[in-house]
>>> print(open('my_file-v2.txt').read())   # compact mmCIF, C-alpha atoms
# COMPACT_ATOMS: atom_id res chain seq x y z
CA MET M 1 124.59 25.51 116.46
CA ALA M 2 123.18 28.90 115.57
CA THR M 3 119.89 30.69 115.12
CA ILE M 4 119.34 33.13 112.28
CA LEU M 5 117.29 36.27 112.65
CA SER M 6 116.35 36.11 108.97
CA LEU M 7 117.83 35.01 105.66
CA ASP M 8 116.27 38.02 103.99
CA PRO M 9 118.77 40.82 103.26
CA ARG M 10 116.05 43.36 103.98
CA VAL M 11 116.27 42.22 107.62
CA THR M 12 119.76 40.86 108.07
CA ARG M 13 122.34 42.76 106.07
CA LEU M 14 125.26 40.83 104.65
CA HIS M 15 128.41 41.57 106.56
CA ILE M 16 130.83 43.18 104.15
CA SER M 17 133.95 44.68 105.64
CA ALA M 18 134.30 48.27 104.55
CA ASP M 19 137.14 49.41 102.33
CA PRO M 20 139.16 51.71 104.63
CA ASP M 21 140.04 53.96 101.68
CA LEU M 22 136.35 54.68 100.98
CA ASN M 23 135.77 56.03 104.45
CA ALA M 24 132.18 54.74 104.18
CA GLU M 25 129.62 55.19 106.92
CA PRO M 26 127.80 51.99 107.83
CA LYS M 27 124.14 52.10 106.78
CA PRO M 28 121.60 52.20 109.58
CA GLU M 29 119.62 49.04 110.36
CA LEU M 30 116.54 48.63 108.18
CA ASP M 31 113.20 49.24 109.78
CA GLN M 32 111.48 46.06 108.63
CA PHE M 33 109.19 43.42 110.03
CA GLN M 34 110.76 40.13 111.03
CA THR M 35 110.44 37.20 108.65
CA TYR M 36 108.49 33.96 108.76
CA GLU M 37 109.48 30.89 106.80
CA VAL M 38 106.69 29.47 104.68
CA PHE M 39 105.99 25.77 104.16
CA HIS M 40 103.58 24.78 101.44
CA GLN M 41 101.52 21.59 101.25
CA ALA M 42 100.28 20.75 97.76
CA LYS M 43 98.39 17.51 98.43
CA SER M 44 96.53 15.98 101.33
CA GLY M 45 98.98 13.84 103.27
CA GLY M 46 101.95 15.35 101.42
CA HIS M 47 104.93 16.98 103.07
CA HIS M 48 104.99 20.70 103.80
CA MET M 49 107.85 21.96 101.62
CA HIS M 50 109.82 25.12 102.37
CA VAL M 51 109.11 27.72 99.67
CA GLY M 52 110.48 31.02 100.99
CA CYS M 53 109.74 33.71 103.53
CA VAL M 54 107.37 36.61 104.14
CA HIS M 55 107.71 39.78 106.19
CA ALA M 56 105.09 40.17 108.87
CA PRO M 57 104.64 41.52 112.38
CA ASN M 58 103.08 38.29 113.72
CA PRO M 59 102.15 34.74 112.65
CA GLU M 60 98.53 35.67 111.79
CA MET M 61 99.63 38.34 109.32
CA ALA M 62 102.35 36.03 108.02
CA ILE M 63 99.95 33.29 107.01
CA VAL M 64 97.52 35.75 105.40
CA LEU M 65 100.34 37.16 103.27
CA ALA M 66 101.92 33.75 102.58
CA LYS M 67 98.66 32.53 101.07
CA GLU M 68 98.88 34.89 98.08
CA THR M 69 102.68 35.07 97.92
CA TYR M 70 103.19 31.31 97.63
CA GLY M 71 99.76 29.75 97.19
CA ARG M 72 98.09 31.72 94.42
CA ARG M 73 99.22 29.44 91.59
CA GLY M 74 98.96 25.68 91.39
CA GLN M 75 97.31 23.53 94.00
CA THR M 76 97.68 24.28 97.68
CA ILE M 77 95.73 22.76 100.50
CA ASN M 78 97.59 24.02 103.54
CA MET M 79 100.48 26.15 104.71
CA TRP M 80 102.66 26.53 107.75
CA VAL M 81 104.53 29.65 108.81
CA VAL M 82 107.36 29.57 111.32
CA ASP M 83 109.19 32.49 112.87
CA THR M 84 112.62 32.41 111.19
CA ALA M 85 114.38 33.04 114.50
CA SER M 86 112.86 29.81 115.89
CA ILE M 87 114.84 27.73 113.43
CA LEU M 88 118.05 26.22 114.74
CA THR M 89 120.67 25.55 112.11
CA MET M 90 124.24 24.24 111.82
CA ARG M 91 127.05 26.70 111.35
CA GLY M 92 128.51 26.62 107.85
CA GLU M 93 131.95 25.63 109.13
CA ASP M 94 130.40 22.63 110.89
CA SER M 95 129.16 21.01 107.71
CA ASP M 96 132.05 18.53 108.07
CA VAL M 97 130.00 16.71 110.71
CA PHE M 98 127.99 15.27 107.83
CA GLU M 99 131.07 13.70 106.31
CA THR M 100 131.12 10.00 107.09
CA THR M 101 133.35 7.05 106.29
CA PRO M 102 131.96 4.92 103.47
CA GLU M 103 132.89 1.48 104.79
CA LYS M 104 129.86 1.04 107.06
CA VAL M 105 127.87 -1.02 104.57
CA TYR M 106 125.84 -2.43 107.43
CA ARG M 107 124.09 0.96 107.54
CA ASP M 108 122.77 0.65 104.02
CA VAL M 109 119.65 -1.24 103.14
CA GLY M 110 121.35 -2.64 100.05
CA ALA M 111 123.83 -4.49 102.24
CA TYR M 112 121.19 -6.85 103.56
CA MET M 113 120.29 -9.82 101.38
CA VAL M 114 116.78 -10.54 102.54
CA ARG M 115 115.06 -11.13 99.21
CA ASN M 116 115.93 -14.85 99.16
CA LYS M 117 114.53 -15.24 102.65
CA VAL M 118 111.31 -13.47 101.67
CA GLU M 119 110.93 -15.65 98.56
CA GLU M 120 111.54 -18.77 100.62
CA TYR M 121 108.89 -17.70 103.15
CA LYS M 122 106.30 -16.99 100.44
CA LYS M 123 106.97 -20.36 98.81
CA ARG M 124 106.58 -22.17 102.10
CA LYS M 125 103.29 -20.41 102.87
CA LYS M 126 101.93 -21.25 99.43
CA GLN M 127 102.91 -24.88 99.85
CA GLU M 128 101.22 -25.03 103.23
CA ALA M 129 98.03 -23.56 101.76
CA ASN M 130 98.04 -26.16 98.94
CA ASP M 131 98.61 -28.99 101.34
CA SER M 132 95.75 -27.98 103.60
CA SER M 133 93.30 -27.63 100.66
CA LYS M 134 94.26 -31.14 99.41
CA THR M 135 93.55 -32.76 102.73
CA GLY M 136 90.14 -31.07 102.69
CA THR M 137 90.46 -29.20 105.95
CA LYS M 138 88.21 -26.20 106.12
CA MET O 1 63.97 42.05 84.02
CA VAL O 2 64.85 41.98 87.70
CA ILE O 3 67.61 39.35 87.41
CA LYS O 4 69.47 41.51 84.90
CA ASP O 5 69.32 44.46 87.25
CA LEU O 6 70.66 42.31 90.12
CA LEU O 7 73.48 40.88 87.98
CA TYR O 8 74.53 44.33 86.79
CA ARG O 9 74.62 45.62 90.35
CA LEU O 10 76.80 42.73 91.53
CA ALA O 11 79.08 42.70 88.51
CA ASP O 12 79.63 46.46 88.33
CA ASP O 13 80.56 46.53 92.03
CA CYS O 14 83.20 43.86 91.38
CA LEU O 15 84.55 45.48 88.21
CA ILE O 16 84.93 48.94 89.72
CA ILE O 17 86.43 47.81 93.02
CA ALA O 18 88.80 45.55 91.06
CA HIS O 19 89.99 48.62 89.17
CA ARG O 20 90.43 50.65 92.34
CA HIS O 21 92.29 47.81 94.10
CA SER O 22 94.53 47.32 91.07
CA GLU O 23 95.65 50.95 91.31
CA TRP O 24 97.73 49.81 94.30
CA THR O 25 99.71 47.33 92.22
CA GLY O 26 103.36 48.32 92.54
CA PHE O 27 102.62 50.78 95.36
CA GLY O 28 101.56 48.46 98.20
CA PRO O 29 103.01 49.06 101.67
CA LEU O 30 104.86 45.71 101.68
CA LEU O 31 105.94 43.49 98.81
CA GLU O 32 103.81 40.63 100.13
CA GLU O 33 100.79 42.88 100.64
CA ASP O 34 101.20 44.31 97.15
CA ILE O 35 100.96 40.75 95.78
CA ALA O 36 98.01 39.83 97.98
CA PHE O 37 96.00 42.98 97.22
CA SER O 38 96.68 42.71 93.48
CA SER O 39 95.60 39.10 93.60
CA ILE O 40 92.37 40.09 95.32
CA ALA O 41 91.81 42.67 92.57
CA GLN O 42 92.21 39.91 89.98
CA ASP O 43 89.68 37.75 91.84
CA LYS O 44 87.18 40.61 91.78
CA LEU O 45 87.71 41.08 88.06
CA GLY O 46 87.07 37.35 87.64
CA HIS O 47 83.78 37.64 89.55
CA ALA O 48 82.71 40.57 87.37
CA ASN O 49 83.59 38.60 84.23
CA ALA O 50 81.66 35.53 85.40
CA LEU O 51 78.57 37.68 86.07
CA TYR O 52 78.83 39.50 82.71
CA LYS O 53 79.08 36.06 81.08
CA ILE O 54 75.78 35.02 82.65
CA LEU O 55 74.23 38.24 81.34
CA HIS O 56 75.62 37.52 77.88
CA GLU O 57 75.07 33.77 77.61
CA GLN O 58 71.78 33.39 79.49
CA LEU O 59 70.09 36.75 79.16
CA GLY O 60 71.06 38.07 75.73
CA GLU O 61 73.18 41.03 76.80
CA PRO O 62 76.30 42.01 74.77
CA ASN O 63 79.58 40.18 75.37
CA PRO O 64 81.50 40.83 78.61
CA ASP O 65 84.11 43.15 77.04
CA THR O 66 81.43 45.32 75.49
CA ILE O 67 79.46 45.44 78.73
CA ALA O 68 82.54 46.33 80.74
CA PHE O 69 84.14 48.84 78.38
CA ASN O 70 81.39 50.30 76.26
CA ARG O 71 78.72 51.60 78.59
CA SER O 72 78.24 55.15 79.72
CA GLU O 73 78.51 56.18 83.33
CA GLN O 74 74.76 56.23 84.01
CA ASP O 75 74.41 52.63 82.79
CA PHE O 76 76.63 51.44 85.62
CA LYS O 77 74.74 50.07 88.63
CA CYS O 78 77.63 49.95 91.09
CA CYS O 79 77.26 51.59 94.49
CA GLN O 80 79.14 54.86 94.94
CA PHE O 81 81.32 53.24 97.62
CA VAL O 82 83.41 51.29 95.10
CA GLU O 83 84.06 54.36 92.93
CA LEU O 84 85.72 56.49 95.59
CA PRO O 85 89.43 57.13 94.97
CA ASN O 86 91.92 55.23 97.10
CA ALA O 87 93.47 58.26 98.81
CA SER O 88 95.55 56.32 101.34
CA TYR O 89 95.98 52.65 102.20
CA ASP O 90 93.95 52.90 105.40
CA PHE O 91 90.84 53.87 103.44
CA SER O 92 91.42 51.13 100.84
CA LEU O 93 91.78 48.52 103.57
CA VAL O 94 88.64 49.64 105.38
CA ARG O 95 86.68 49.71 102.11
CA HIS O 96 88.01 46.25 101.23
CA PHE O 97 86.88 45.03 104.68
CA LEU O 98 83.38 46.56 104.61
CA PHE O 99 82.76 45.57 101.00
CA ASP O 100 84.05 42.02 101.28
CA VAL O 101 82.07 41.25 104.42
CA SER O 102 78.99 42.20 102.39
CA GLU O 103 80.25 39.98 99.54
CA LEU O 104 80.75 37.06 101.91
CA PHE O 105 77.16 37.15 103.13
CA ARG O 106 75.75 38.06 99.71
CA TRP O 107 77.32 35.02 98.05
CA GLN O 108 76.35 32.79 100.97
CA MET O 109 72.75 33.89 100.44
CA LEU O 110 73.05 33.42 96.68
CA GLN O 111 74.07 29.78 97.14
CA GLU O 112 70.37 29.33 97.95
CA SER O 113 69.19 31.22 94.86
CA ASN O 114 66.75 29.42 92.59
CA TYR O 115 68.41 31.15 89.63
CA GLU O 116 70.80 28.31 88.93
CA PRO O 117 73.70 30.11 87.17
CA LEU O 118 74.00 32.45 90.14
CA ALA O 119 73.75 29.67 92.73
CA LYS O 120 76.48 27.70 90.92
CA LEU O 121 78.76 30.73 90.70
CA ALA O 122 78.18 31.40 94.41
CA VAL O 123 79.50 27.94 95.28
CA LYS O 124 82.45 28.29 92.92
CA ILE O 125 83.80 31.59 94.27
CA HIS O 126 83.01 30.92 97.92
CA GLY O 127 86.68 30.20 98.85
CA GLU O 128 88.00 33.37 97.23
CA VAL O 129 85.54 35.61 99.03
CA LYS O 130 86.28 33.84 102.31
CA TYR O 131 90.00 34.61 101.89
CA HIS O 132 89.23 38.25 101.04
CA VAL O 133 87.44 38.65 104.37
CA TYR O 134 90.17 36.73 106.20
CA HIS O 135 92.81 39.05 104.69
CA ALA O 136 90.82 42.20 105.44
CA GLN O 137 89.88 41.40 109.00
CA THR O 138 93.41 40.33 109.91
CA TRP O 139 94.67 43.75 108.80
CA ILE O 140 91.84 45.62 110.51
CA VAL O 141 92.40 43.90 113.85
CA GLN O 142 96.16 44.30 113.46
CA LEU O 143 96.00 48.04 112.82
CA GLY O 144 92.97 48.79 115.00
CA ALA O 145 93.83 46.82 118.14
CA GLN O 146 97.44 45.67 117.91
CA GLY O 147 99.18 48.60 116.24
CA ASN O 148 99.81 51.99 117.82
CA GLU O 149 97.79 55.13 118.42
CA GLU O 150 98.39 56.40 114.90
CA SER O 151 97.29 53.18 113.21
CA HIS O 152 94.18 53.02 115.39
CA SER O 153 93.20 56.61 114.72
CA ARG O 154 93.75 56.21 110.97
CA MET O 155 91.54 53.10 110.94
CA GLN O 156 88.82 54.88 112.91
CA THR O 157 88.94 57.94 110.62
CA ALA O 158 88.77 55.72 107.53
CA LEU O 159 85.83 53.81 109.02
CA ASN O 160 83.98 57.07 109.71
CA THR O 161 84.56 58.24 106.13
CA ALA O 162 83.65 54.93 104.54
CA TRP O 163 80.58 54.07 106.58
CA PRO O 164 77.87 56.23 104.89
CA TYR O 165 79.06 54.99 101.49
CA ALA O 166 79.21 51.39 102.71
CA LEU O 167 75.54 51.65 103.66
CA GLY O 168 74.91 52.51 100.00
CA ILE O 169 75.86 48.91 99.09
CA PHE O 170 72.40 47.91 100.32
CA GLU O 171 70.40 50.41 98.24
CA HIS O 172 67.47 48.54 96.74
CA GLY O 173 67.51 47.55 93.09
CA ALA O 174 64.79 48.04 90.49
CA ASP O 175 62.37 45.50 91.98
CA GLU O 176 63.56 44.22 95.31
CA GLY O 177 60.19 42.64 96.13
CA ALA O 178 60.16 40.48 92.99
CA LEU O 179 63.68 39.15 93.67
CA ILE O 180 62.63 38.05 97.12
CA THR O 181 59.27 36.51 96.18
CA ASP O 182 60.81 34.75 93.15
CA GLY O 183 63.47 33.21 95.42
CA VAL O 184 66.37 34.74 93.47
CA PHE O 185 67.87 36.66 96.36
CA ALA O 186 66.80 37.15 99.96
CA GLY O 187 67.19 40.92 99.59
CA GLU O 188 69.42 43.83 100.56
CA ASP O 189 67.76 44.38 103.95
CA ALA O 190 68.46 40.80 105.06
CA LEU O 191 72.01 41.14 103.75
CA ARG O 192 72.55 44.40 105.55
CA SER O 193 71.46 42.94 108.86
CA ALA O 194 73.82 39.92 108.53
CA TRP O 195 76.63 42.31 107.53
CA HIS O 196 75.99 44.63 110.43
CA GLY O 197 75.91 41.80 112.98
CA PHE O 198 79.28 40.51 111.80
CA LEU O 199 80.82 44.00 111.82
CA VAL O 200 79.67 44.76 115.36
CA GLU O 201 81.65 41.78 116.56
CA ARG O 202 84.73 42.32 114.32
CA CYS O 203 84.94 46.06 114.96
CA ALA O 204 84.84 45.39 118.70
CA ALA O 205 87.79 43.02 118.26
CA ALA O 206 89.58 45.76 116.30
CA ASN O 207 88.80 48.37 118.95
CA LEU O 208 86.87 50.44 116.39
CA THR O 209 83.58 52.26 116.88
CA ILE O 210 80.89 51.95 114.25
CA PRO O 211 79.33 55.35 113.41
CA THR O 212 75.70 55.49 114.47
CA ASP O 213 74.34 58.63 112.82
CA ALA O 214 75.38 58.08 109.21
CA THR O 215 73.10 58.83 106.26
CA PRO O 216 73.49 56.20 103.52
CA MET O 217 74.96 57.51 100.26
CA LEU O 218 72.45 56.26 97.71
CA GLY O 219 71.95 56.63 93.97
CA GLY O 220 74.55 54.30 92.49
CA ARG O 221 72.05 51.49 91.88
CA LYS O 222 69.98 53.92 89.81
CA GLY O 223 72.91 55.21 87.77
CA TYR O 224 73.69 58.34 89.81
CA HIS O 225 77.39 58.36 90.52
CA THR O 226 80.09 60.44 92.15
CA GLU O 227 82.40 62.63 90.11
CA TYR O 228 85.03 59.88 90.39
CA LEU O 229 83.41 57.20 88.22
CA LYS O 230 83.71 58.98 84.87
CA PRO O 231 87.52 59.46 85.02
CA LEU O 232 87.89 55.85 86.20
CA LEU O 233 85.89 54.58 83.21
CA ASP O 234 87.79 56.82 80.80
CA GLU O 235 91.05 55.35 82.01
CA MET O 236 89.75 51.77 82.01
CA ASN O 237 88.33 52.08 78.48
CA GLU O 238 91.24 53.95 76.99
CA VAL O 239 92.78 51.03 75.12
CA PHE O 240 89.45 49.42 74.22
CA ARG O 241 88.22 52.62 72.56
CA ILE O 242 91.19 52.73 70.17
CA ASP O 243 89.68 49.76 68.35
CA PRO O 244 86.49 48.32 69.88
CA ALA O 245 86.38 45.49 67.30
CA ALA O 246 89.95 44.29 67.89
CA GLU O 247 90.54 40.61 68.56
CA TRP O 248 92.48 40.11 71.82
>>> encode(input="my_file-v2.txt", output="structure tokens")
Amino acid sequence: MATILSLDPRVTRLHISADPDLNAEPKPELDQFQTYEVFHQAKSGGHHMHVGCVHAPNPEMAIVLAKETYGRRGQTINMWVVDTASILTMRGEDSDVFETTPEKVYRDVGAYMVRNKVEEYKKRKKQEANDSSKTGTK
Amino acid sequence: MVIKDLLYRLADDCLIIAHRHSEWTGFGPLLEEDIAFSSIAQDKLGHANALYKILHEQLGEPNPDTIAFNRSEQDFKCCQFVELPNASYDFSLVRHFLFDVSELFRWQMLQESNYEPLAKLAVKIHGEVKYHVYHAQTWIVQLGAQGNEESHSRMQTALNTAWPYALGIFEHGADEGALITDGVFAGEDALRSAWHGFLVERCAAANLTIPTDATPMLGGRKGYHTEYLKPLLDEMNEVFRIDPAAEW
């Protein structure tokens, strides 16, 4: 597992190994605010979807700036901002943990044949309702 | 007609501050702030346009483009506060704060107006004005109370400079009494007192001191302007004047 300071290259520079022939000096760290990830909710009850990041010194400033950066067009009803460094992520080389053997059909909804049971249940209930109305029970 | 005078005052304030705010587009201190401030400028332009439309459609004034681009300096009823050049971002932020707090209360009061087009507009733009104040006060508290000594002193200096002009927002119009008795608007004095009460609390939170001995800079509502309005209008009208009858 890993945390990321920011995905924004203005904060976290890409690591590029210097060409020894160029004799290049590494650039100094940028003097930038940290970043906050922005999550946008378009409809009441809808999911907050990740839309990007903003630079800000604190969460209050982040949400004020996120409003116009990501919410000025189209419908928005709410937003979340989360300090980028609070997000825990998998390391790229660990993406193989998501690989899984395909034989476990018992994990998939499609592997369960329940429709016939549901139909049978509905039919039985309907029959019971008919029978009770015929005998005049109220 | 007193309603016309009121509408011109409100609309001209919005048009001129929209132009001043838009001068920051591309030069904002942060990419995100550049977007936010430009967006606020566009909102202000929208408010000016909506007010000019009422003047045109309800009260027989020329169309909004003509009103905005084809009047001379002394026909503008904006307060001098909105004309002042931006200088530096601290001043623009403080002006945005002081002006938009007055807009927040003004439009709240206008929701009660018995002049229906104005009351309807007040309801419609309520959310935008609320965000403008939210944006401004977050910055002011950030720089005044949570920044460093330099940011605090720059905020305080900007507040001292802006204050006498901000008081000019509340200069009375042509017939303040008639507006109040007719139920169109509760008046600049009531607005100023709501504005001041809010600022006392917010400025305390931002660790800023409100100047107490300021003389209001008046005249704008009567067409007397600073030396800065004319060049602003010349720049704003430049394209329009090439061909005033052009279809856009």
>>> closest_atom_pairs(input="my_file-v2.txt", of="chain O", to="chain M", cutoff="6 Å", atoms="only C-alpha atoms", output="CSV")
residue,atom,partner,partner_atom,distance
O:Glu32,CA,M:Leu65,CA,5.8
O:Ala36,CA,M:Glu68,CA,5.0
O:His135,CA,M:Val64,CA,5.8
>>> residues_around(input="my_file-v2.txt", residues="stretch 108-110 of chain O", least_positions_apart="2", cutoff="7 Å", atoms="all atoms listed in the file", output="VMD selection string")
chain O and resid 104 to 106 112 to 113 118 to 119 122 185 to 186
>>> atom_distance(input="my_file-v2.txt", atom1="atom CA of O:Val141", atom2="atom CA of O:Phe37")
17.0 Å
>>> atom_distance(input="my_file-v2.txt", atom1="atom CA of O:Ala11", atom2="atom CA of O:His47")
7.0 Å
>>> residues_around(input="my_file-v2.txt", residues="M:Val38", least_positions_apart="2", cutoff="7 Å", atoms="only C-alpha atoms", output="list in words")
Tyr36, His40, His50, Val51, Gly52, Cys53, Ala66, Trp80, Val81 and Val82 of chain M
>>> closest_residue(input="my_file-v2.txt", among="M:Met90, M:Thr76, M:Asp21, M:Pro59", to="M:Gly45", atoms="only C-alpha atoms")
M:Thr76
>>> atom_distance(input="my_file-v2.txt", atom1="atom CA of O:His225", atom2="atom CA of O:Thr209")
27.8 Å
>>> decode(input="my_file-v2.txt", residues="stretch 68-78 of chain M", atoms="all heavy atoms", output="compact mmCIF listing (two decimals), in the first residue's frame")
# COMPACT_ATOMS: atom_id res chain seq x y z
N GLU M 68 -16.13 26.50 -8.33
CA GLU M 68 -16.07 27.10 -9.67
C GLU M 68 -15.26 26.25 -10.64
O GLU M 68 -15.54 26.23 -11.83
CB GLU M 68 -15.52 28.53 -9.63
CG GLU M 68 -16.50 29.55 -9.06
CD GLU M 68 -17.82 29.62 -9.82
OE1 GLU M 68 -17.85 29.44 -11.04
OE2 GLU M 68 -18.85 29.86 -9.15
N THR M 69 -14.22 25.56 -10.12
CA THR M 69 -13.38 24.78 -11.04
C THR M 69 -14.16 23.62 -11.64
O THR M 69 -14.03 23.32 -12.82
CB THR M 69 -12.12 24.27 -10.30
OG1 THR M 69 -11.48 25.39 -9.68
CG2 THR M 69 -11.14 23.62 -11.25
N TYR M 70 -14.97 22.96 -10.83
CA TYR M 70 -15.66 21.75 -11.31
C TYR M 70 -17.18 21.84 -11.30
O TYR M 70 -17.85 20.95 -11.80
CB TYR M 70 -15.21 20.53 -10.50
CG TYR M 70 -13.73 20.26 -10.65
CD1 TYR M 70 -12.83 20.54 -9.62
CD2 TYR M 70 -13.23 19.75 -11.85
CE1 TYR M 70 -11.47 20.30 -9.78
CE2 TYR M 70 -11.87 19.51 -12.02
CZ TYR M 70 -11.00 19.79 -10.97
OH TYR M 70 -9.67 19.55 -11.13
N GLY M 71 -17.74 22.89 -10.71
CA GLY M 71 -19.19 22.92 -10.58
C GLY M 71 -19.86 24.07 -11.31
O GLY M 71 -21.03 24.33 -11.10
N ARG M 72 -19.11 24.79 -12.17
CA ARG M 72 -19.72 25.97 -12.76
C ARG M 72 -20.58 25.65 -13.97
O ARG M 72 -21.35 26.47 -14.42
CB ARG M 72 -18.66 27.02 -13.11
CG ARG M 72 -17.78 26.66 -14.29
CD ARG M 72 -16.67 27.68 -14.44
NE ARG M 72 -15.86 27.45 -15.61
CZ ARG M 72 -14.89 26.55 -15.69
NH1 ARG M 72 -14.63 25.78 -14.65
NH2 ARG M 72 -14.18 26.41 -16.79
N ARG M 73 -20.40 24.47 -14.55
CA ARG M 73 -21.22 24.09 -15.70
C ARG M 73 -21.99 22.83 -15.36
O ARG M 73 -21.50 21.96 -14.67
CB ARG M 73 -20.34 23.82 -16.92
CG ARG M 73 -19.55 25.05 -17.32
CD ARG M 73 -19.04 24.96 -18.73
NE ARG M 73 -18.28 26.16 -19.04
CZ ARG M 73 -16.94 26.20 -19.13
NH1 ARG M 73 -16.26 25.10 -18.95
NH2 ARG M 73 -16.33 27.33 -19.40
N GLY M 74 -23.19 22.72 -15.91
CA GLY M 74 -24.01 21.54 -15.66
C GLY M 74 -24.54 21.56 -14.23
O GLY M 74 -24.27 22.48 -13.46
N GLN M 75 -25.28 20.54 -13.88
CA GLN M 75 -25.92 20.55 -12.57
C GLN M 75 -25.00 19.98 -11.49
O GLN M 75 -24.36 18.95 -11.68
CB GLN M 75 -27.21 19.75 -12.62
CG GLN M 75 -28.12 20.11 -11.46
CD GLN M 75 -29.28 19.14 -11.29
OE1 GLN M 75 -29.49 18.27 -12.11
NE2 GLN M 75 -30.01 19.32 -10.22
N THR M 76 -24.94 20.67 -10.39
CA THR M 76 -24.20 20.18 -9.23
C THR M 76 -25.07 20.43 -8.02
O THR M 76 -25.69 21.50 -7.92
CB THR M 76 -22.89 20.97 -9.04
OG1 THR M 76 -22.15 20.92 -10.23
CG2 THR M 76 -22.07 20.40 -7.89
N ILE M 77 -25.14 19.47 -7.11
CA ILE M 77 -25.85 19.82 -5.87
C ILE M 77 -24.96 19.72 -4.65
O ILE M 77 -25.26 20.29 -3.61
CB ILE M 77 -27.15 19.01 -5.67
CG1 ILE M 77 -26.86 17.55 -5.47
CG2 ILE M 77 -28.14 19.21 -6.81
CD1 ILE M 77 -27.96 16.93 -4.63
N ASN M 78 -23.82 19.00 -4.78
CA ASN M 78 -22.92 18.96 -3.63
C ASN M 78 -21.53 18.57 -4.11
O ASN M 78 -21.35 18.12 -5.24
CB ASN M 78 -23.42 17.97 -2.59
CG ASN M 78 -22.92 18.29 -1.19
OD1 ASN M 78 -22.02 19.11 -1.01
ND2 ASN M 78 -23.48 17.64 -0.20
